[in-house]
Protein chains: 2
Amino acid sequence: MTTSRPKSPLDRKRPVTMKDVARVAGVSHSTVSRILNDAPVLIPVSVETRDRVRAAAAELGYRPHPLARALRGAPTMLLGAIVRDITDVFFATAIEALSTEARNRGYSVVLGHAARRVDEALALTHVLEARHCDAVMLLGDFTDEPVLLKDLRDAPLATVAIWHGSQLEGFPSVSVDNVAGVEAALAHLADLGHTRIAFVGGESLGDIRERQSAFERYQHERDVRVPRRWVQHVENTAAGGEAAVAALFAEGDPPTAILAATDVLAMGIVFAALSRGIAVPEALSVVGFDDIPLAATTFPGLTTVRMPVAAMVTEAIEIAVGDALDADEERPRVFTPELIVRRSTGPPTG
Amino acid sequence: MTTSRPKSPLDRKRPVTMKDVARVAGVSHSTVSRILNDAPVLIPVSVETRDRVRAAAAELGYRPHPLARALRGAPTMLLGAIVRDITDVFFATAIEALSTEARNRGYSVVLGHAARRVDEALALTHVLEARHCDAVMLLGDFTDEPVLLKDLRDAPLATVAIWHGSQLEGFPSVSVDNVAGVEAALAHLADLGHTRIAFVGGESLGDIRERQSAFERYQHERDVRVPRRWVQHVENTAAGGEAAVAALFAEGDPPTAILAATDVLAMGIVFAALSRGIAVPEALSVVGFDDIPLAATTFPGLTTVRMPVAAMVTEAIEIAVGDALDADEERPRVFTPELIVRRSTGPPTG
DNA sequence: CTGAAAGCGCTAACAC
DNA sequence: GTGTTAGCGCTTTCAG
């Protein structure tokens with residue numbers, strides 16, 4: 001009796017059901033359910049049967065079948081995450097945070113991976129119809145995937161948008177105060193004595209766009225003339241950073257500091273600068289945005305605007321599945337980022 | 001009729017069921033099922049009814065309920081992915097590839113995120129019991145989570161291990177030929193004229209360990225004496241690379257080339273070298289492992305051993321859910337990596 | 001060609 | 001205390 005294995009790898013065939021447990025324990029199907037779900041406090045069950053049933057369940061290696069439960073109306077405890085590009089380090093970090101926070105609440109994350117499908121129309125058909133999530137979170141900007149958004153809007157499914165720039169459009173959203181972040185960064189550079197500051201941004205989507213306008217407005221308000229060349233649009237990769245540096249330092253009159261729209265870009269910039277003998281921060285200060293893990297461990301450590309990723313993600317989950325059932329709470333939650341000063345910024349020399 | 005919206009955002013309450021469609025179309029429940037599932041080729045259905053039903057379904061915005069289907073034995077089309085650390089760029093890339101390949105086959109990926117839970121015993125309880133996946137893939141080395149592995153082994157669930165070092169242990173596995181990769185890298189360095197080669201590796205898990213032994217064996221076989229200091233163990237981050245460079249160049253007698261166990265490390269090394277005025281590749285050649293996206297775009301481009309990620313992931317999916325039902329196909333599939341030569345390696349000078 | 005009915009595994013009234 | 005029953009939404013015989 002005690003030597004029987006709960007389950008051999010071979011009976012992968014038919015999973016053990018409650019009925020099996022019931023048969024072995026010599027009770028009914030529903031009694032098993034009651035016991036295994038700990039309803040007993042309310043509806044008393046004899047200790048004896050309980051033990052018998054528990055033993056049987058253990059012996060057979062019973063595992064509840066979540067689908068059947070879900071069919072009865074129980075939540076699936078699955079959170080859909082549709083992310084633009086999980087290859088982007090920032091979003092990978094965000095997914096990790098999402099996964100962690102979700103798990104703390106008993107949820108798991110299923111990846112939507114909408115990323116650039118041509119048959120964009122199918123995105124939802126797959127993500128939604130086939131995957132029973134309790135809610136879905138949009139990570140990043142999806143304005144260029146209107147079909148997805150429409151489907152989501154029409155679906156009987158709680159959806160919340162995170163980092164979708166600030167522009168809400170039918171979904172509750174969680175975003176970051178890009179203006180505050182940019183201002184903190186620029187104020188820091190100004191304090192150090194910089195006046196010749198360039199901006200480098202990736203694709204003009206959501207947050208990136210906001211950061212750029214914040215930059216331009218800030219400088220404009222202070223009557224700082226920013227040469228057109230000092231606002232660079234490149235790919236949001238390290239290579240993009242390299243390209244930006246190339247452009248910025250091609251002619252004379254280079255900036256003494258660069259505000260990059262993301263840390264990935266910033267790292268590319270630092271890398272490119274170092275490799276052409278431009279000392280950081282002595283000859284060039286660089287500040288990034290996001291505070292991805294690499295930002296701290298890279299050398300020199302990157303001064304950056306930290307995104308409160310965990311808090312934002314937590315809030316999003318709360319909105320999506322939380323008890324805060326304030327119906328149409330569509331007002332955006334905006335979080336304030338924090339400037340982290342490391343080694344990549346310093347006073348301009350010369 | 002034509003102006004009725006399929007569904008207002010407000011009836012998030014009760015999803016439209018087949019019964020609803022049936023009622024509207026004036027047919028039975030099961031007829032709807034037949035039509036909407038295109039069984040009609042075999043079991044003919046009058047064109048008229050079909051159209052009527054389709055119209056009704058469209059009008060009501062009917063969406064099949066996947067759980068009910070799954071309950072009937074249909075696969076859930078969900079693939080569990082348990083990954084050590086999704087923050088690791090390499091694994092993030094792998095997840096992306098997995099997601100893409102999975103989607104090509106109609107599957108979605110649910111993130112297990114086993115990463116370092118103290119209550120490791122619960123891992124499976126959550127990952128498995130609550131999430132009806134058709135199969136699960138283990139990405140990385142999990143030898144330090146025996147409970148997880150045991151649960152998985154006992155579960156009625158196809159599991160395949162990818163990048164778990166080579167050591168199979170009860171699961172079919174897909175891995176990479178680390179020996180071949182290391183040999184290619186070392187041969188390349190030797191061709192360039194290097195003899196003073198160091199190895200830098202992260203935590204001694206799975207693949208990393210294999211790469212280190214491959215390195216040691218290769219040198220040993222050629223009677224190359226490797227000072228103990230030339231095999232560095234550091235954190236698998238850019239900071240780790242920095243630490244390794246610090247150690248390697250602390251005393252005289254530094255190597256002229258470094259083989260890093262991962263690209264992240266290699267990047268840290270290049271970064272650290274550049275920042276202390278050690279030219280790459282003139283004064284120091286660096287080769288990485290993995291070929292993460294950053295490797296190509298970084299400056300200088302990283303010479304590295306490319307991991308055939310997509311192919312490996314595809315194979316894993318094939319094994320897990322494919323038709324290749326060769327029962328106990330537990331022989332490991334091993335893929336051969338390919339050396340990609342970029343700018344971070346060159347002949348030693350001086 | 002189409003309807004009735006059973007049943008997937010589970011929970012929750014509602015009996016006894 | 002415990003068994004019976006119904007039903008979640010869907011597919012699938014089996015009868016017409």
# chains A, B, ... in the order shown; residues from 1 in each chain; ligands from 1
>>> interface_residues(of="chain C", to="chain A", cutoff="10 Å", atoms="only C-alpha atoms (C1' of nucleotides)", output="NGL selection string")
:C and (8-12)
>>> select_by_dssp(residues="range 3-215 of chain A", states="helix (DSSP H, G or I)", output="JSON, numbers by chain")
{"A": [18, 19, 20, 21, 22, 23, 24, 25, 29, 30, 31, 32, 33, 34, 35, 36, 39, 40, 41, 47, 48, 49, 50, 51, 52, 53, 54, 55, 56, 57, 58, 59, 60, 66, 67, 68, 69, 70, 71, 89, 90, 91, 92, 93, 94, 95, 96, 97, 98, 99, 100, 101, 102, 103, 104, 120, 121, 122, 123, 124, 125, 126, 127, 128, 129, 146, 147, 148, 149, 150, 151, 152, 153, 154, 178, 179, 180, 181, 182, 183, 184, 185, 186, 187, 188, 189, 190, 191, 192, 206, 207, 208, 209, 210, 211, 212, 213, 214, 215]}
>>> write_last_selection(atoms="C-alpha atoms", output="mmCIF file, in the first residue's frame")
data_model
loop_
_atom_site.group_PDB
_atom_site.id
_atom_site.type_symbol
_atom_site.label_atom_id
_atom_site.label_comp_id
_atom_site.auth_asym_id
_atom_site.auth_seq_id
_atom_site.Cartn_x
_atom_site.Cartn_y
_atom_site.Cartn_z
ATOM 1 C CA MET A 18 -12.665 12.987 -9.016
ATOM 2 C CA LYS A 19 -14.797 10.085 -9.958
ATOM 3 C CA ASP A 20 -11.785 7.799 -9.656
ATOM 4 C CA VAL A 21 -11.014 9.139 -6.232
ATOM 5 C CA ALA A 22 -14.629 8.725 -5.254
ATOM 6 C CA ARG A 23 -14.687 5.137 -6.380
ATOM 7 C CA VAL A 24 -11.524 4.259 -4.500
ATOM 8 C CA ALA A 25 -12.655 6.040 -1.369
ATOM 9 C CA HIS A 29 -18.122 12.330 -6.458
ATOM 10 C CA SER A 30 -19.397 15.487 -4.781
ATOM 11 C CA THR A 31 -18.165 14.510 -1.369
ATOM 12 C CA VAL A 32 -14.737 14.387 -2.838
ATOM 13 C CA SER A 33 -15.221 17.820 -4.260
ATOM 14 C CA ARG A 34 -16.288 19.198 -0.912
ATOM 15 C CA ILE A 35 -13.375 17.716 0.913
ATOM 16 C CA LEU A 36 -10.737 18.627 -1.580
ATOM 17 C CA ALA A 39 -15.674 23.563 2.179
ATOM 18 C CA PRO A 40 -15.886 21.319 5.253
ATOM 19 C CA VAL A 41 -15.736 24.146 7.714
ATOM 20 C CA VAL A 47 -13.076 13.227 9.797
ATOM 21 C CA GLU A 48 -12.991 9.639 8.842
ATOM 22 C CA THR A 49 -14.279 10.112 5.320
ATOM 23 C CA ARG A 50 -12.132 13.124 4.879
ATOM 24 C CA ASP A 51 -9.041 11.141 5.653
ATOM 25 C CA ARG A 52 -10.131 8.301 3.466
ATOM 26 C CA VAL A 53 -10.749 10.611 0.560
ATOM 27 C CA ARG A 54 -7.522 12.501 1.062
ATOM 28 C CA ALA A 55 -5.615 9.273 1.165
ATOM 29 C CA ALA A 56 -7.261 8.067 -2.005
ATOM 30 C CA ALA A 57 -6.558 11.339 -3.756
ATOM 31 C CA ALA A 58 -2.928 11.236 -2.744
ATOM 32 C CA GLU A 59 -2.594 7.618 -3.684
ATOM 33 C CA LEU A 60 -3.971 8.134 -7.131
ATOM 34 C CA PRO A 66 -8.696 23.551 -14.038
ATOM 35 C CA LEU A 67 -10.705 23.671 -17.221
ATOM 36 C CA ALA A 68 -13.692 22.068 -15.710
ATOM 37 C CA ARG A 69 -13.506 24.537 -12.885
ATOM 38 C CA ALA A 70 -13.191 27.438 -15.221
ATOM 39 C CA LEU A 71 -16.120 26.205 -17.200
ATOM 40 C CA VAL A 89 15.194 44.562 -22.842
ATOM 41 C CA PHE A 90 12.854 46.969 -21.182
ATOM 42 C CA PHE A 91 9.808 44.953 -22.068
ATOM 43 C CA ALA A 92 11.489 41.725 -21.117
ATOM 44 C CA THR A 93 12.022 43.256 -17.707
ATOM 45 C CA ALA A 94 8.454 44.395 -17.611
ATOM 46 C CA ILE A 95 7.229 40.927 -18.466
ATOM 47 C CA GLU A 96 9.313 39.518 -15.703
ATOM 48 C CA ALA A 97 7.828 41.995 -13.266
ATOM 49 C CA LEU A 98 4.375 41.262 -14.572
ATOM 50 C CA SER A 99 4.917 37.583 -14.199
ATOM 51 C CA THR A 100 6.156 38.011 -10.650
ATOM 52 C CA GLU A 101 3.374 40.287 -9.566
ATOM 53 C CA ALA A 102 0.814 38.149 -11.279
ATOM 54 C CA ARG A 103 2.070 35.086 -9.550
ATOM 55 C CA ASN A 104 1.829 36.815 -6.208
ATOM 56 C CA GLU A 120 -2.835 41.505 -37.730
ATOM 57 C CA ALA A 121 -6.506 40.799 -37.969
ATOM 58 C CA LEU A 122 -5.840 37.339 -36.729
ATOM 59 C CA ALA A 123 -4.033 38.509 -33.656
ATOM 60 C CA LEU A 124 -7.075 38.694 -31.546
ATOM 61 C CA THR A 125 -8.720 35.705 -33.053
ATOM 62 C CA HIS A 126 -5.855 33.793 -31.631
ATOM 63 C CA VAL A 127 -5.067 35.646 -28.511
ATOM 64 C CA LEU A 128 -8.608 36.032 -27.441
ATOM 65 C CA GLU A 129 -10.744 33.317 -28.809
ATOM 66 C CA PRO A 146 -6.054 49.338 -34.827
ATOM 67 C CA VAL A 147 -7.657 46.011 -35.539
ATOM 68 C CA LEU A 148 -6.194 44.522 -32.415
ATOM 69 C CA LEU A 149 -7.442 47.445 -30.388
ATOM 70 C CA LYS A 150 -10.878 47.272 -31.858
ATOM 71 C CA ASP A 151 -11.193 43.589 -31.213
ATOM 72 C CA LEU A 152 -10.055 44.082 -27.689
ATOM 73 C CA ARG A 153 -12.522 46.845 -27.163
ATOM 74 C CA ASP A 154 -15.368 44.728 -28.413
ATOM 75 C CA ASN A 178 7.387 61.420 -19.229
ATOM 76 C CA VAL A 179 7.408 65.151 -18.832
ATOM 77 C CA ALA A 180 8.519 64.906 -15.234
ATOM 78 C CA GLY A 181 11.175 62.385 -16.191
ATOM 79 C CA VAL A 182 12.589 64.458 -18.984
ATOM 80 C CA GLU A 183 12.549 67.563 -16.853
ATOM 81 C CA ALA A 184 14.400 65.832 -14.062
ATOM 82 C CA ALA A 185 17.030 64.659 -16.508
ATOM 83 C CA LEU A 186 17.418 68.038 -18.159
ATOM 84 C CA ALA A 187 17.487 69.853 -14.848
ATOM 85 C CA HIS A 188 20.251 67.531 -13.727
ATOM 86 C CA LEU A 189 22.261 68.249 -16.847
ATOM 87 C CA ALA A 190 21.633 71.972 -16.475
ATOM 88 C CA ASP A 191 22.813 71.822 -12.865
ATOM 89 C CA LEU A 192 26.016 70.259 -14.039
ATOM 90 C CA GLY A 206 3.916 56.479 -27.418
ATOM 91 C CA ASP A 207 6.334 57.215 -24.659
ATOM 92 C CA ILE A 208 9.179 58.017 -26.997
ATOM 93 C CA ARG A 209 7.194 60.685 -28.711
ATOM 94 C CA GLU A 210 6.191 62.164 -25.400
ATOM 95 C CA ARG A 211 9.755 62.289 -24.241
ATOM 96 C CA GLN A 212 10.786 64.091 -27.355
ATOM 97 C CA SER A 213 8.085 66.728 -27.086
ATOM 98 C CA ALA A 214 8.887 67.166 -23.425
ATOM 99 C CA PHE A 215 12.487 67.766 -24.381
#
>>> closest_residue(among="B:Thr237, B:Ser175, B:Gln219, B:Thr345", to="chain A", atoms="only C-alpha atoms")
B:Thr237
>>> closest_atom_pairs(of="chain D", to="chain B", cutoff="10 Å", atoms="only C-alpha atoms (C1' of nucleotides)", output="tab-separated table")
residue	atom	partner	partner_atom	distance
D:DC8	C1'	B:Ala68	CA	8.3
D:DG9	C1'	B:Ala68	CA	5.1
D:DC10	C1'	B:Ala68	CA	5.2
D:DT11	C1'	B:Arg72	CA	7.0
D:DT12	C1'	B:Ser30	CA	9.0
>>> write_last_selection(atoms="C-alpha atoms (C1' of nucleotides)", output="mmCIF file, in the first residue's frame")
data_model
loop_
_atom_site.group_PDB
_atom_site.id
_atom_site.type_symbol
_atom_site.label_atom_id
_atom_site.label_comp_id
_atom_site.auth_asym_id
_atom_site.auth_seq_id
_atom_site.Cartn_x
_atom_site.Cartn_y
_atom_site.Cartn_z
ATOM 1 C "C1'" DC D 8 -21.267 25.304 -17.212
ATOM 2 C "C1'" DG D 9 -20.478 25.459 -23.410
ATOM 3 C "C1'" DC D 10 -19.302 22.489 -26.473
ATOM 4 C "C1'" DT D 11 -18.730 18.170 -29.647
ATOM 5 C "C1'" DT D 12 -20.407 13.978 -31.092
#
>>> select_by_dssp(residues="range 83-327 of chain B", states="strand (DSSP E)", output="count of residues only")
41
>>> residues_around(residues="range 195-202 of chain A", least_positions_apart="5", cutoff="8 Å", atoms="only C-alpha atoms (C1' of nucleotides)", output="list of chain:residue names")
A:Leu189, A:Ala190, A:Ile208, A:Gln212, A:Phe215, A:Val224, A:Val226, A:Trp230, A:Val231, A:Gln232, A:His233, A:Val234, A:Glu235, A:Asn236, A:Thr237, A:Gly240, A:Gly241, A:Ala244, A:Pro254, A:Pro255, A:Thr256, A:Ala257, A:Ile258, A:Leu259, A:Ala260, A:Ala261, A:Thr262, A:Leu265
>>> write_last_selection(atoms="N, CA and C atoms", output="compact mmCIF listing (two decimals), in the first residue's frame")
# COMPACT_ATOMS: atom_id res chain seq x y z
N LEU A 189 21.20 67.85 -15.92
CA LEU A 189 22.26 68.25 -16.85
C LEU A 189 22.53 69.74 -16.74
N ALA A 190 21.48 70.52 -16.59
CA ALA A 190 21.63 71.97 -16.47
C ALA A 190 22.43 72.30 -15.21
N ILE A 208 8.04 57.38 -26.34
CA ILE A 208 9.18 58.02 -27.00
C ILE A 208 8.79 59.39 -27.52
N GLN A 212 10.23 63.11 -26.43
CA GLN A 212 10.79 64.09 -27.36
C GLN A 212 10.09 65.44 -27.21
N PHE A 215 11.15 67.19 -24.19
CA PHE A 215 12.49 67.77 -24.38
C PHE A 215 12.39 69.09 -25.13
N VAL A 224 16.24 78.00 -25.28
CA VAL A 224 17.45 77.34 -25.73
C VAL A 224 17.23 76.93 -27.18
N VAL A 226 17.80 74.72 -30.15
CA VAL A 226 18.32 73.37 -30.38
C VAL A 226 18.46 73.15 -31.88
N TRP A 230 20.40 68.18 -33.58
CA TRP A 230 20.51 67.69 -32.21
C TRP A 230 19.31 66.90 -31.75
N VAL A 231 18.37 66.70 -32.63
CA VAL A 231 17.28 65.78 -32.30
C VAL A 231 17.36 64.65 -33.31
N GLN A 232 17.87 63.54 -32.86
CA GLN A 232 18.12 62.42 -33.77
C GLN A 232 17.05 61.34 -33.62
N HIS A 233 16.62 60.83 -34.78
CA HIS A 233 15.70 59.69 -34.76
C HIS A 233 16.42 58.47 -35.29
N VAL A 234 16.57 57.48 -34.47
CA VAL A 234 17.26 56.28 -34.90
C VAL A 234 16.49 55.06 -34.43
N GLU A 235 17.02 53.91 -34.81
CA GLU A 235 16.43 52.66 -34.35
C GLU A 235 16.63 52.53 -32.84
N ASN A 236 15.68 51.92 -32.18
CA ASN A 236 15.82 51.79 -30.73
C ASN A 236 16.69 50.59 -30.34
N THR A 237 17.96 50.66 -30.76
CA THR A 237 18.91 49.59 -30.44
C THR A 237 20.25 50.23 -30.16
N GLY A 240 21.48 51.90 -33.07
CA GLY A 240 20.87 53.21 -33.25
C GLY A 240 21.68 54.27 -32.51
N GLY A 241 22.13 53.92 -31.33
CA GLY A 241 22.92 54.85 -30.55
C GLY A 241 24.21 55.20 -31.27
N ALA A 244 23.51 57.57 -34.02
CA ALA A 244 23.25 58.91 -33.53
C ALA A 244 24.56 59.64 -33.21
N PRO A 254 29.51 69.75 -31.66
CA PRO A 254 28.76 68.64 -31.06
C PRO A 254 28.20 69.03 -29.69
N PRO A 255 27.20 68.33 -29.23
CA PRO A 255 26.64 68.60 -27.90
C PRO A 255 27.59 68.10 -26.82
N THR A 256 27.39 68.57 -25.60
CA THR A 256 28.21 68.08 -24.48
C THR A 256 27.44 67.05 -23.68
N ALA A 257 26.16 66.91 -24.02
CA ALA A 257 25.34 65.93 -23.30
C ALA A 257 24.26 65.41 -24.24
N ILE A 258 23.86 64.18 -23.98
CA ILE A 258 22.78 63.59 -24.79
C ILE A 258 21.75 62.99 -23.87
N LEU A 259 20.49 63.29 -24.15
CA LEU A 259 19.40 62.64 -23.44
C LEU A 259 18.85 61.59 -24.40
N ALA A 260 18.94 60.33 -24.01
CA ALA A 260 18.44 59.26 -24.87
C ALA A 260 17.07 58.84 -24.38
N ALA A 261 16.22 58.47 -25.32
CA ALA A 261 14.85 58.13 -24.97
C ALA A 261 14.74 56.80 -24.25
N THR A 262 15.74 55.95 -24.41
CA THR A 262 15.74 54.68 -23.70
C THR A 262 17.16 54.31 -23.29
N LEU A 265 19.35 52.69 -26.11
CA LEU A 265 19.94 53.73 -26.93
C LEU A 265 21.12 54.37 -26.21
>>> atom_distance(atom1="CA of Glu338 in chain B", atom2="CA of Thr298 in chain B")
19.1 Å
>>> residues_around(residues="Thr76 in chain A", least_positions_apart="4", cutoff="7 Å", atoms="only C-alpha atoms (C1' of nucleotides)", output="PyMOL selection string")
chain A and resi 70+132-134
>>> atom_distance(atom1="CA of Glu145 in chain B", atom2="CA of Arg63 in chain A")
21.0 Å
>>> residues_around(residues="DT4 in chain D", least_positions_apart="4", cutoff="10 Å", atoms="only C-alpha atoms (C1' of nucleotides)", output="PyMOL selection string")
(chain A and resi 28+30) or (chain C and resi 14-16)
>>> write_last_selection(atoms="N, CA and C atoms (P, O5', C5', C4', C3', O3' and C1' of nucleotides)", output="compact mmCIF listing (two decimals), in the first residue's frame")
# COMPACT_ATOMS: atom_id res chain seq x y z
N SER A 28 -19.12 9.49 -2.74
CA SER A 28 -19.58 10.07 -3.98
C SER A 28 -18.67 11.19 -4.41
N SER A 30 -19.28 14.13 -5.33
CA SER A 30 -19.40 15.49 -4.78
C SER A 30 -18.79 15.59 -3.39
P DC C 14 -31.68 25.65 -3.97
O5' DC C 14 -31.96 24.11 -3.69
C5' DC C 14 -32.09 23.23 -4.82
C4' DC C 14 -32.17 21.80 -4.34
C3' DC C 14 -33.08 21.60 -3.10
O3' DC C 14 -34.04 20.63 -3.44
C1' DC C 14 -31.04 20.43 -2.88
P DA C 15 -35.25 20.34 -2.42
O5' DA C 15 -34.53 19.40 -1.37
C5' DA C 15 -35.23 18.25 -1.00
C4' DA C 15 -34.62 17.01 -1.64
C3' DA C 15 -34.83 15.79 -0.75
O3' DA C 15 -35.20 14.67 -1.53
C1' DA C 15 -32.49 16.28 -0.95
P DC C 16 -36.21 13.66 -0.79
O5' DC C 16 -35.35 12.93 0.33
C5' DC C 16 -34.60 11.77 -0.03
C4' DC C 16 -33.61 11.49 1.05
C3' DC C 16 -34.21 11.11 2.41
O3' DC C 16 -33.99 9.73 2.63
C1' DC C 16 -32.28 12.49 2.61
